[in-house]
$ cat work_22.txt   # compact mmCIF, C-alpha atoms
# COMPACT_ATOMS: atom_id res chain seq x y z
CA MET C 1 -26.51 -13.38 -13.77
CA PHE C 2 -23.94 -14.20 -11.19
CA VAL C 3 -25.86 -14.14 -7.93
CA PRO C 4 -23.65 -14.15 -4.83
CA SER C 5 -26.34 -15.90 -2.81
CA ALA C 6 -25.98 -18.91 -5.10
CA LEU C 7 -22.55 -19.65 -3.61
CA PRO C 8 -21.87 -23.36 -3.46
CA GLU C 9 -21.00 -23.12 0.19
CA ALA C 10 -24.43 -21.67 0.95
CA LYS C 11 -25.68 -25.16 0.19
CA GLY C 12 -22.90 -26.71 2.20
CA VAL C 13 -24.90 -27.23 5.35
CA ALA C 14 -26.86 -30.39 4.91
CA VAL C 15 -29.66 -30.70 7.42
CA LYS C 16 -31.13 -34.12 6.97
CA GLU C 17 -33.69 -33.77 9.71
CA GLU C 18 -35.12 -30.79 11.44
CA GLY C 19 -32.47 -29.24 13.64
CA PRO C 20 -31.35 -25.97 15.12
CA ALA C 21 -30.83 -23.08 12.80
CA LEU C 22 -27.31 -23.20 11.45
CA PRO C 23 -25.21 -20.14 10.79
CA PRO C 24 -25.21 -18.63 7.35
CA THR C 25 -21.93 -19.54 5.70
CA ALA C 26 -22.15 -17.69 2.42
CA GLY C 27 -19.88 -15.07 3.91
CA PRO C 28 -19.86 -11.34 3.41
CA ARG C 29 -19.39 -9.62 0.13
CA PRO C 30 -15.91 -10.45 -1.09
CA LYS C 31 -13.33 -7.85 -0.27
CA ASP C 32 -12.11 -5.69 -3.12
CA SER C 33 -8.60 -6.34 -1.85
CA LEU C 34 -8.93 -9.96 -2.96
CA ALA C 35 -8.22 -8.66 -6.47
CA GLU C 36 -4.87 -7.32 -5.24
CA ALA C 37 -3.71 -10.48 -3.53
CA HIS C 38 -1.01 -12.76 -4.92
CA ASP C 39 -1.95 -15.66 -7.21
CA ARG C 40 -1.04 -18.13 -4.47
CA VAL C 41 -3.66 -16.65 -2.15
CA VAL C 42 -6.34 -16.14 -4.80
CA ALA C 43 -5.89 -19.51 -6.51
CA GLY C 44 -5.64 -21.33 -3.17
CA ARG C 45 -8.92 -19.79 -2.15
CA ALA C 46 -10.53 -20.61 -5.49
CA ALA C 47 -9.31 -24.21 -5.12
CA ASP C 48 -11.23 -24.34 -1.84
CA GLY C 49 -14.36 -23.61 -3.82
CA ASP C 50 -14.73 -19.84 -3.48
CA PRO C 51 -16.23 -18.55 -6.74
CA HIS C 52 -15.32 -14.93 -5.93
CA ALA C 53 -11.66 -15.84 -5.89
CA PHE C 54 -12.11 -17.75 -9.13
CA GLU C 55 -13.70 -14.69 -10.69
CA VAL C 56 -10.59 -12.71 -9.76
CA LEU C 57 -8.52 -15.25 -11.72
CA VAL C 58 -10.89 -15.00 -14.67
CA ARG C 59 -10.52 -11.22 -14.74
CA ARG C 60 -6.78 -11.39 -14.18
CA TYR C 61 -5.90 -13.87 -16.92
CA SER C 62 -8.68 -14.18 -19.48
CA THR C 63 -7.29 -11.49 -21.78
CA LEU C 64 -3.82 -13.02 -21.83
CA MET C 65 -5.37 -16.42 -22.45
CA ARG C 66 -7.46 -15.04 -25.32
CA VAL C 67 -4.43 -13.41 -26.96
CA TYR C 68 -2.57 -16.69 -26.63
CA ALA C 69 -5.45 -18.84 -27.94
CA ARG C 70 -5.91 -16.50 -30.89
CA SER C 71 -2.24 -16.82 -31.75
CA ILE C 72 -2.35 -20.63 -31.56
CA LEU C 73 -5.61 -20.95 -33.48
CA GLY C 74 -4.79 -18.30 -36.05
CA THR C 75 -8.31 -16.93 -35.82
CA ASN C 76 -10.30 -14.80 -33.47
CA ASP C 77 -13.61 -16.69 -33.77
CA GLU C 78 -12.95 -19.59 -31.45
CA ALA C 79 -10.62 -17.88 -28.98
CA ASP C 80 -13.36 -16.73 -26.61
CA ASP C 81 -14.97 -20.18 -26.55
CA VAL C 82 -11.63 -21.85 -25.91
CA VAL C 83 -10.91 -19.54 -22.98
CA GLN C 84 -14.35 -20.16 -21.50
CA GLU C 85 -13.89 -23.90 -21.77
CA ALA C 86 -10.43 -23.60 -20.24
CA PHE C 87 -11.83 -21.81 -17.20
CA VAL C 88 -14.56 -24.40 -16.72
CA THR C 89 -11.89 -27.11 -16.78
CA ALA C 90 -9.72 -25.06 -14.43
CA TRP C 91 -12.51 -24.74 -11.87
CA GLN C 92 -13.06 -28.50 -11.94
CA GLN C 93 -9.38 -29.32 -11.53
CA LEU C 94 -8.09 -26.46 -9.42
CA ASP C 95 -7.99 -28.50 -6.23
CA SER C 96 -5.49 -30.83 -7.91
CA LEU C 97 -3.02 -27.97 -8.40
CA GLU C 98 -0.39 -28.53 -5.75
CA ASP C 99 1.18 -25.07 -5.81
CA PRO C 100 -1.48 -22.43 -6.42
CA GLY C 101 1.36 -19.96 -6.99
CA VAL C 102 1.89 -21.40 -10.49
CA VAL C 103 -1.75 -20.98 -11.52
CA LYS C 104 -0.85 -18.70 -14.43
CA SER C 105 1.31 -21.22 -16.30
CA TRP C 106 -1.19 -23.93 -15.35
CA LEU C 107 -3.99 -21.92 -17.00
CA MET C 108 -1.82 -21.40 -20.07
CA ARG C 109 -1.35 -25.15 -20.39
CA ILE C 110 -5.10 -25.74 -20.09
CA VAL C 111 -5.86 -23.17 -22.77
CA SER C 112 -3.16 -24.80 -24.92
CA ARG C 113 -4.83 -28.16 -24.60
CA ARG C 114 -8.23 -26.69 -25.43
CA SER C 115 -6.82 -24.89 -28.45
CA ILE C 116 -5.17 -28.07 -29.69
CA ASP C 117 -8.51 -29.86 -29.37
CA ARG C 118 -9.98 -27.29 -31.74
CA LEU C 119 -7.12 -27.72 -34.17
CA ARG C 120 -7.64 -31.46 -34.12
CA ALA C 121 -11.32 -31.01 -34.87
CA ARG C 122 -10.36 -28.92 -37.90
CA ARG C 123 -7.94 -31.52 -39.08
CA VAL C 124 -10.64 -33.34 -40.99
CA HIS C 125 -10.29 -30.58 -43.54
CA GLU C 126 -6.76 -29.35 -43.29
CA ASP C 127 -3.41 -30.34 -42.01
CA ILE C 128 -2.50 -29.02 -38.60
CA ILE C 129 0.92 -27.86 -39.74
CA ASP C 130 0.22 -26.73 -43.28
CA TYR C 131 -2.92 -24.94 -42.26
CA ASP C 132 -1.90 -21.37 -42.77
CA PRO C 133 -4.76 -18.91 -42.69
CA PRO C 134 -4.15 -15.31 -43.67
CA ALA C 135 -2.39 -13.73 -40.72
CA VAL C 136 -4.76 -11.82 -38.47
CA GLU C 137 -2.42 -8.89 -38.64
CA ALA C 138 -0.37 -9.19 -41.80
CA ALA C 139 3.24 -8.53 -41.00
CA SER C 140 6.10 -8.16 -43.37
CA PRO C 141 9.70 -7.29 -42.64
CA ALA C 142 8.82 -3.77 -43.72
CA GLN C 143 6.21 -3.59 -40.98
CA VAL C 144 8.61 -4.96 -38.43
CA VAL C 145 10.91 -2.08 -39.35
CA GLN C 146 8.09 0.31 -38.61
CA ALA C 147 7.30 -1.26 -35.24
CA ARG C 148 7.01 1.36 -32.54
CA SER C 149 8.46 -0.70 -29.76
CA LEU C 150 10.34 -3.90 -29.12
CA ALA C 151 7.10 -5.61 -28.04
CA ASP C 152 5.42 -4.44 -31.23
CA ALA C 153 8.33 -5.72 -33.33
CA VAL C 154 8.25 -9.15 -31.67
CA GLY C 155 4.47 -9.23 -32.08
CA ARG C 156 4.79 -8.59 -35.80
CA ALA C 157 7.56 -11.14 -36.15
CA LEU C 158 5.41 -13.71 -34.35
CA ALA C 159 2.38 -12.92 -36.50
CA SER C 160 4.44 -13.36 -39.67
CA LEU C 161 5.40 -16.96 -38.82
CA PRO C 162 3.59 -19.75 -40.68
CA ALA C 163 0.88 -21.21 -38.44
CA GLY C 164 2.64 -24.49 -37.72
CA GLN C 165 5.84 -22.77 -36.65
CA ARG C 166 3.97 -20.25 -34.53
CA ARG C 167 1.96 -22.97 -32.76
CA CYS C 168 4.95 -25.09 -31.88
CA TRP C 169 6.92 -22.00 -30.83
CA LEU C 170 4.17 -20.81 -28.47
CA LEU C 171 3.60 -24.26 -27.01
CA LYS C 172 7.32 -24.59 -26.33
CA GLU C 173 8.23 -21.11 -25.18
CA VAL C 174 5.05 -19.87 -23.50
CA ALA C 175 3.22 -22.99 -22.32
CA GLU C 176 6.57 -24.69 -21.64
CA TYR C 177 5.66 -27.94 -23.33
CA SER C 178 8.42 -30.44 -24.09
CA TYR C 179 9.09 -31.44 -27.68
CA ARG C 180 7.61 -34.82 -26.89
CA GLN C 181 4.38 -33.34 -25.49
CA ILE C 182 3.95 -31.08 -28.50
CA ALA C 183 4.52 -34.00 -30.85
CA ALA C 184 2.02 -36.18 -28.99
CA ASP C 185 -0.65 -33.47 -28.77
CA LEU C 186 -0.35 -32.32 -32.36
CA GLU C 187 0.08 -35.92 -33.56
CA ILE C 188 3.19 -35.19 -35.59
CA PRO C 189 6.70 -36.64 -35.28
CA GLU C 190 9.00 -35.13 -32.67
CA SER C 191 11.59 -34.45 -35.37
CA THR C 192 9.03 -32.31 -37.19
CA VAL C 193 8.39 -30.34 -33.99
CA ARG C 194 12.13 -29.73 -33.56
CA GLY C 195 12.40 -28.55 -37.15
CA LEU C 196 9.42 -26.20 -36.86
CA ILE C 197 10.69 -24.65 -33.63
CA SER C 198 14.16 -24.20 -34.99
CA ARG C 199 12.79 -22.56 -38.14
CA ALA C 200 10.50 -20.39 -36.05
CA ARG C 201 13.46 -19.19 -34.01
CA VAL C 202 15.51 -18.42 -37.10
CA ASN C 203 12.59 -16.64 -38.77
CA MET C 204 11.90 -14.59 -35.66
CA ALA C 205 15.56 -13.68 -35.45
CA ARG C 206 15.60 -12.64 -39.13
CA GLU C 207 12.49 -10.54 -38.74
CA MET C 208 13.91 -8.91 -35.66
CA GLN C 209 17.06 -8.06 -37.57
CA ALA C 210 14.97 -5.73 -39.68
CA TRP C 211 14.05 -3.77 -36.60
CA ARG C 212 16.82 -1.48 -35.40
CA MET F 1 34.66 -8.27 -30.28
CA THR F 2 32.46 -5.33 -29.51
CA ALA F 3 28.73 -5.64 -29.48
CA PRO F 4 27.06 -2.54 -30.87
CA HIS F 5 24.26 -1.96 -28.45
CA HIS F 6 22.39 1.18 -29.32
CA ARG F 7 19.08 0.40 -27.79
CA GLN F 8 18.47 -0.47 -24.16
CA GLY F 9 16.82 -3.88 -24.01
CA SER F 10 17.16 -4.55 -27.73
CA THR F 11 17.76 -8.06 -28.99
CA ARG F 12 21.08 -6.87 -30.39
CA THR F 13 19.78 -8.11 -33.70
CA ASP F 14 22.98 -7.04 -35.39
CA ALA F 15 24.49 -9.84 -33.36
CA LEU F 16 22.70 -12.23 -35.73
CA ASP F 17 24.70 -11.02 -38.71
CA PRO F 18 26.24 -14.18 -40.23
CA ALA F 19 29.47 -12.26 -40.76
CA ASN F 20 30.01 -12.28 -36.98
CA LEU F 21 29.43 -16.00 -36.47
CA ASP F 22 32.93 -17.31 -37.18
CA GLY F 23 31.71 -19.57 -39.95
CA HIS F 24 28.64 -20.87 -38.11
CA THR F 25 25.05 -20.23 -39.17
CA ILE F 26 21.95 -19.11 -37.29
CA GLU F 27 20.30 -22.44 -38.15
CA GLU F 28 23.19 -24.28 -36.60
CA LEU F 29 23.04 -22.17 -33.43
CA SER F 30 19.29 -22.67 -33.15
CA ALA F 31 19.71 -26.44 -33.40
CA TYR F 32 22.50 -26.26 -30.82
CA LEU F 33 20.17 -24.46 -28.41
CA ASP F 34 17.47 -27.07 -29.00
CA ALA F 35 19.98 -29.75 -28.10
CA GLU F 36 20.54 -27.83 -24.85
CA ARG F 37 24.12 -27.11 -25.93
CA THR F 38 25.12 -30.76 -25.66
CA PRO F 39 27.42 -32.24 -26.69
CA THR F 40 29.50 -29.13 -26.17
CA ASN F 41 30.56 -27.55 -29.44
CA PHE F 42 33.90 -25.92 -28.60
CA SER F 43 34.00 -23.93 -31.80
CA ILE F 44 30.65 -22.30 -30.95
CA GLU F 45 31.43 -21.94 -27.25
CA SER F 46 34.74 -20.23 -27.93
CA SER F 47 33.35 -17.77 -30.49
CA PRO F 48 32.32 -14.43 -28.94
CA GLY F 49 30.12 -13.72 -31.97
CA CYS F 50 28.28 -17.02 -31.54
CA GLN F 51 27.86 -16.41 -27.81
CA ILE F 52 26.20 -13.07 -28.48
CA ALA F 53 23.98 -14.63 -31.14
CA LEU F 54 22.99 -17.47 -28.78
CA THR F 55 22.05 -14.95 -26.11
CA ALA F 56 19.93 -13.05 -28.65
CA LEU F 57 18.20 -16.27 -29.74
CA GLU F 58 17.55 -17.27 -26.15
CA ARG F 59 16.06 -13.86 -25.47
CA LEU F 60 13.39 -14.52 -28.10
CA ARG F 61 11.76 -16.80 -25.56
CA GLU F 62 11.26 -14.15 -22.90
CA LEU F 63 10.37 -11.62 -25.57
CA THR F 64 7.57 -13.90 -26.78
CA ALA F 65 6.08 -14.15 -23.30
CA HIS F 66 6.50 -10.40 -22.91
CA VAL F 67 4.79 -9.63 -26.20
CA LEU F 68 1.69 -11.65 -25.28
CA GLU F 69 1.48 -9.73 -22.00
CA ALA F 70 1.85 -6.45 -23.89
CA GLN F 71 -0.87 -7.40 -26.38
CA ALA F 72 -3.16 -8.46 -23.53
CA ALA F 73 -2.54 -5.18 -21.71
CA ALA F 74 -3.57 -3.28 -24.85
CA GLU F 75 -6.91 -5.10 -25.09
CA PRO F 76 -10.01 -4.06 -23.20
CA ALA F 77 -10.89 -5.96 -20.02
CA PRO F 78 -13.44 -8.72 -20.62
CA PRO F 79 -17.02 -7.43 -20.41
CA ASP F 80 -18.89 -8.29 -17.21
CA SER F 81 -21.43 -10.28 -19.21
CA TRP F 82 -18.65 -12.52 -20.55
CA VAL F 83 -17.22 -13.08 -17.06
CA ARG F 84 -20.71 -13.87 -15.79
CA GLY F 85 -21.09 -16.38 -18.61
CA ILE F 86 -18.17 -18.32 -17.15
CA MET F 87 -19.30 -17.90 -13.55
CA ASP F 88 -22.77 -19.19 -14.45
CA ARG F 89 -21.22 -22.34 -15.81
CA ILE F 90 -19.14 -23.06 -12.75
CA ALA F 91 -21.14 -21.79 -9.78
CA VAL F 92 -23.42 -24.81 -9.76
CA GLU F 93 -20.71 -27.08 -8.48
CA ALA F 94 -19.83 -27.18 -4.82
CA ARG F 95 -16.55 -28.32 -3.37
CA ALA F 96 -18.13 -29.84 -0.30
CA GLY F 97 -15.34 -32.01 1.07
CA ARG F 98 -15.93 -34.23 4.08
CA ASP F 99 -19.10 -34.34 6.15
CA ILE F 100 -18.65 -33.07 9.69
CA PRO F 101 -21.19 -34.48 12.16
CA ILE F 102 -23.07 -32.21 14.54
CA THR F 103 -24.60 -33.61 17.72
CA HIS F 104 -28.28 -33.19 18.36
CA PRO F 105 -30.34 -34.13 21.45
CA ALA F 106 -32.81 -36.12 19.36
CA PRO F 107 -31.26 -39.52 18.64
CA THR F 108 -33.03 -39.74 15.29
CA ALA F 109 -31.57 -36.45 14.09
CA HIS F 110 -28.61 -36.77 11.82
CA LEU F 111 -26.89 -33.46 11.23
CA THR F 112 -23.81 -32.70 9.27
CA MET F 113 -22.06 -29.68 7.93
CA THR F 114 -19.59 -29.89 5.10
CA GLU F 115 -15.92 -29.15 5.22
CA GLY F 116 -16.55 -26.64 2.45
CA SER F 117 -18.96 -24.71 4.64
CA VAL F 118 -16.39 -24.63 7.46
CA ARG F 119 -13.81 -23.27 5.03
CA GLY F 120 -16.32 -20.61 4.00
CA MET F 121 -16.67 -19.70 7.68
CA VAL F 122 -12.89 -19.46 8.07
CA ARG F 123 -12.68 -17.17 5.03
CA ALA F 124 -15.45 -14.93 6.28
CA ALA F 125 -13.88 -14.72 9.75
CA GLY F 126 -10.39 -13.97 8.43
CA ASP F 127 -11.72 -11.45 5.92
CA SER F 128 -13.44 -9.58 8.74
CA ILE F 129 -9.97 -8.27 9.66
CA PRO F 130 -9.55 -5.30 7.29
CA GLU F 131 -5.89 -5.88 6.42
CA VAL F 132 -6.30 -9.63 5.89
CA VAL F 133 -7.42 -11.60 2.85
CA VAL F 134 -7.75 -15.35 3.35
CA GLY F 135 -6.39 -17.76 0.74
CA ARG F 136 -6.34 -21.54 1.07
CA CYS F 137 -7.67 -23.17 4.22
CA GLN F 138 -6.66 -26.68 5.10
CA ILE F 139 -8.36 -28.71 7.80
CA ASP F 140 -6.21 -31.59 9.07
CA GLY F 141 -7.43 -34.34 11.35
CA ASP F 142 -10.42 -36.65 11.38
CA VAL F 143 -13.30 -34.21 11.27
CA THR F 144 -15.77 -37.04 10.76
CA THR F 145 -15.23 -38.29 14.34
CA PRO F 146 -16.65 -35.90 16.95
CA GLY F 147 -14.07 -34.65 19.43
CA GLU F 148 -10.99 -35.57 17.40
CA ALA F 149 -8.31 -32.88 17.60
CA ILE F 150 -7.92 -30.99 14.37
CA THR F 151 -5.63 -28.28 13.10
CA VAL F 152 -6.54 -25.52 10.69
CA THR F 153 -3.89 -24.01 8.40
CA VAL F 154 -4.82 -20.79 6.70
CA ASP F 155 -2.88 -18.88 4.01
CA VAL F 156 -3.37 -15.14 4.21
CA SER F 157 -2.38 -11.99 2.41
CA VAL F 158 -1.65 -8.95 4.59
CA ALA F 159 -1.77 -5.34 3.41
CA TRP F 160 1.59 -3.59 3.18
CA GLY F 161 2.29 -1.32 6.12
CA GLU F 162 0.38 -3.35 8.69
CA SER F 163 1.98 -5.27 11.53
CA ILE F 164 2.16 -8.82 10.28
CA PRO F 165 2.21 -10.53 13.71
CA LEU F 166 -0.73 -8.41 14.81
CA ALA F 167 -2.69 -9.14 11.64
CA ALA F 168 -1.99 -12.86 12.00
CA GLU F 169 -3.08 -12.82 15.64
CA ARG F 170 -6.29 -10.96 14.85
CA ALA F 171 -7.10 -13.38 12.03
CA ARG F 172 -6.40 -16.34 14.31
CA GLU F 173 -8.66 -14.97 17.03
CA ALA F 174 -11.48 -14.18 14.61
CA ILE F 175 -11.29 -17.63 13.03
CA HIS F 176 -11.11 -19.36 16.40
CA GLY F 177 -14.07 -17.35 17.66
CA GLN F 178 -16.25 -18.25 14.69
CA LEU F 179 -15.32 -21.93 14.70
CA ALA F 180 -15.92 -22.22 18.44
CA LYS F 181 -19.28 -20.51 18.10
CA HIS F 182 -20.62 -22.34 15.08
CA THR F 183 -18.96 -25.77 15.08
CA GLU F 184 -18.15 -28.52 17.53
CA LEU F 185 -14.67 -29.01 16.15
CA ASN F 186 -11.99 -29.68 18.75
CA ILE F 187 -9.44 -27.18 17.50
CA ASP F 188 -5.91 -28.02 18.52
CA ALA F 189 -4.23 -25.21 16.60
CA ILE F 190 -4.82 -22.58 13.96
CA HIS F 191 -1.75 -21.90 11.87
CA ILE F 192 -1.62 -18.69 9.91
CA THR F 193 0.80 -18.58 6.97
CA ILE F 194 1.53 -15.18 5.47
CA GLN F 195 1.74 -15.87 1.75
CA ASP F 196 1.66 -12.36 0.43
CA VAL F 197 2.17 -8.77 1.50
CA ARG F 198 0.14 -6.77 -0.94
CA PHE F 199 0.22 -3.16 -1.99
CA SER F 200 -3.30 -2.05 -1.88
CA ARG F 201 -5.30 1.05 -2.59
CA THR F 202 -8.54 -0.28 -1.21
CA ASP F 203 -6.99 -1.08 2.15
CA ALA F 204 -5.40 2.34 2.48
CA ALA F 205 -8.63 3.91 3.70
CA THR F 206 -9.26 1.27 6.34
CA ALA F 207 -5.61 1.29 7.42
CA THR F 208 -5.84 4.87 8.63
CA THR F 209 -8.68 3.93 10.97
CA GLN F 210 -6.55 1.32 12.73
CA PRO F 211 -5.74 2.08 16.37
$ encode --input "work_22.txt" --output "structure tokens"
Amino acid sequence: MFVPSALPEAKGVAVKEEGPALPPTAGPRPKDSLAEAHDRVVAGRAADGDPHAFEVLVRRYSTLMRVYARSILGTNDEADDVVQEAFVTAWQQLDSLEDPGVVKSWLMRIVSRRSIDRLRARRVHEDIIDYDPPAVEAASPAQVVQARSLADAVGRALASLPAGQRRCWLLKEVAEYSYRQIAADLEIPESTVRGLISRARVNMAREMQAWR
Amino acid sequence: MTAPHHRQGSTRTDALDPANLDGHTIEELSAYLDAERTPTNFSIESSPGCQIALTALERLRELTAHVLEAQAAAEPAPPDSWVRGIMDRIAVEARAGRDIPITHPAPTAHLTMTEGSVRGMVRAAGDSIPEVVVGRCQIDGDVTTPGEAITVTVDVSVAWGESIPLAAERAREAIHGQLAKHTELNIDAIHITIQDVRFSRTDAATATTQP
């Protein structure tokens, strides 16, 4: 259970010898309006150690992070764990984030790193690039044609990419990794990364052509 | 060259038809994009068909980000138990910061309060103003030496429709009042930075009770 009275700052007053009663610093119940504030305000506050603000970030971005992790991993099983781990890391490192306004892309990079760690752990059994599990949501050009919306069509096109292409594409275009970073993290040559991303782009474009 | 454009916001996928690419291929254009269009390929740059295809390929990037957002929006919010699972793992750690000494008549007494607890006080004080939500709080100056002048810089979000100068002044007064009452900090200045004007339903009720 998350108990508000267990706030870290409630323990912040260190009385090493008997002294006058010090004011309670746990603060009032967090305002509901915190959930409506801009990332810069919420993440800045979380970086100062306020768990309520951090919880707002968890609620704001965990679903997006899970969708992303699932797409990178190619399976649903580990996505929740990866997102949880990413948030634990984020809490530990949040005070190192210079501009709290970019917390969203920062979280996406953390969840990328965590997902890659999982892929590496799998690598004992299968190659990171060739590993191509059955698509979570099988998509074929025919299904792309039937897509109800542009977002749906892109989603189907993305799901139809081979795993290696999809991973590199997401790392490049969503997490904004450089080719060099992707190559280093996935432990494959940079030229391979370039090839995979180029093929991903062409395949996406082809799939999208089917949707008119 | 006319670009058939039947659907608002479409990728103009017909633009990717090889017949329109003046002898170039999609693979070639993709590689050209990856090379950040350098060195300049004049044949590609001077072909209207290629330009349209390049724009469509570039749009795949924003579409990818958009599709993840759309998929996330279609999923249920995380269950409270799952959120609590994360909060339970992180709440044990405090971000205490520096120790701030507090004087005490007994010479053997050694009292300190942490910077983190002072920040908590600043948040609580600022949040007591209905239209204000406090963000980051920075304490500058040597707080470990009693009497040293310090400045406090506080980011805040203000509800839309409220007077920003008034909200900032109220927050400043509330924060100053609490720090003067509960700490011995020699406060030189409290800077309030408005980081966000938010549209808020929850503040609407309190806003009507403002004088």
$ atom_distance --input "work_22.txt" --atom1 "atom CA of Ala175 of chain C" --atom2 "atom CA of Ala77 of chain F"
22.2 Å
$ closest_residue --input "work_22.txt" --among "C:Glu36, C:Asp81, C:Glu98, C:Asp185" --to "chain F" --atoms "all atoms listed in the file"
C:Glu36
$ closest_residue --input "work_22.txt" --among "F:Ala171, F:Val143, F:Ile192, F:Leu54" --to "Asp155 of chain F" --atoms "all atoms listed in the file"
F:Ile192
$ atom_distance --input "work_22.txt" --atom1 "atom CA of Ser157 of chain F" --atom2 "atom CA of Ala70 of chain F"
27.2 Å
$ residues_around --input "work_22.txt" --residues "Thr64 of chain F" --least-positions-apart "2" --cutoff "10 Å" --atoms "only C-alpha atoms" --output "list of chain:residue names"
C:Ala151, C:Val154, C:Gly155, C:Ala157, C:Leu158, C:Trp169, C:Leu170, C:Glu173, C:Val174, C:Met204, F:Arg59, F:Leu60, F:Arg61, F:Glu62, F:His66, F:Val67, F:Leu68, F:Glu69, F:Ala70
$ write_last_selection --input "work_22.txt" --atoms "C-alpha atoms" --output "CSV table (one decimal), keeping the file's coordinate frame"
chain,number,residue,atom,x,y,z
C,151,ALA,CA,7.1,-5.6,-28.0
C,154,VAL,CA,8.2,-9.2,-31.7
C,155,GLY,CA,4.5,-9.2,-32.1
C,157,ALA,CA,7.6,-11.1,-36.2
C,158,LEU,CA,5.4,-13.7,-34.4
C,169,TRP,CA,6.9,-22.0,-30.8
C,170,LEU,CA,4.2,-20.8,-28.5
C,173,GLU,CA,8.2,-21.1,-25.2
C,174,VAL,CA,5.0,-19.9,-23.5
C,204,MET,CA,11.9,-14.6,-35.7
F,59,ARG,CA,16.1,-13.9,-25.5
F,60,LEU,CA,13.4,-14.5,-28.1
F,61,ARG,CA,11.8,-16.8,-25.6
F,62,GLU,CA,11.3,-14.2,-22.9
F,66,HIS,CA,6.5,-10.4,-22.9
F,67,VAL,CA,4.8,-9.6,-26.2
F,68,LEU,CA,1.7,-11.6,-25.3
F,69,GLU,CA,1.5,-9.7,-22.0
F,70,ALA,CA,1.8,-6.4,-23.9
$ closest_residue --input "work_22.txt" --among "C:Ser112, C:Ser33, C:Ser96, C:Thr75" --to "Gln181 of chain C" --atoms "only C-alpha atoms"
C:Ser112
$ residues_near_point --input "work_22.txt" --point "(-9.7, -10.0, 8.7)" --cutoff "9 Å" --atoms "all atoms listed in the file" --output "PyMOL selection string"
chain F and resi 123-134+167-168+170-171+174-175
$ closest_residue --input "work_22.txt" --among "C:Leu64, C:Ala184, C:Val102, C:Leu97" --to "chain F" --atoms "only C-alpha atoms"
C:Leu64
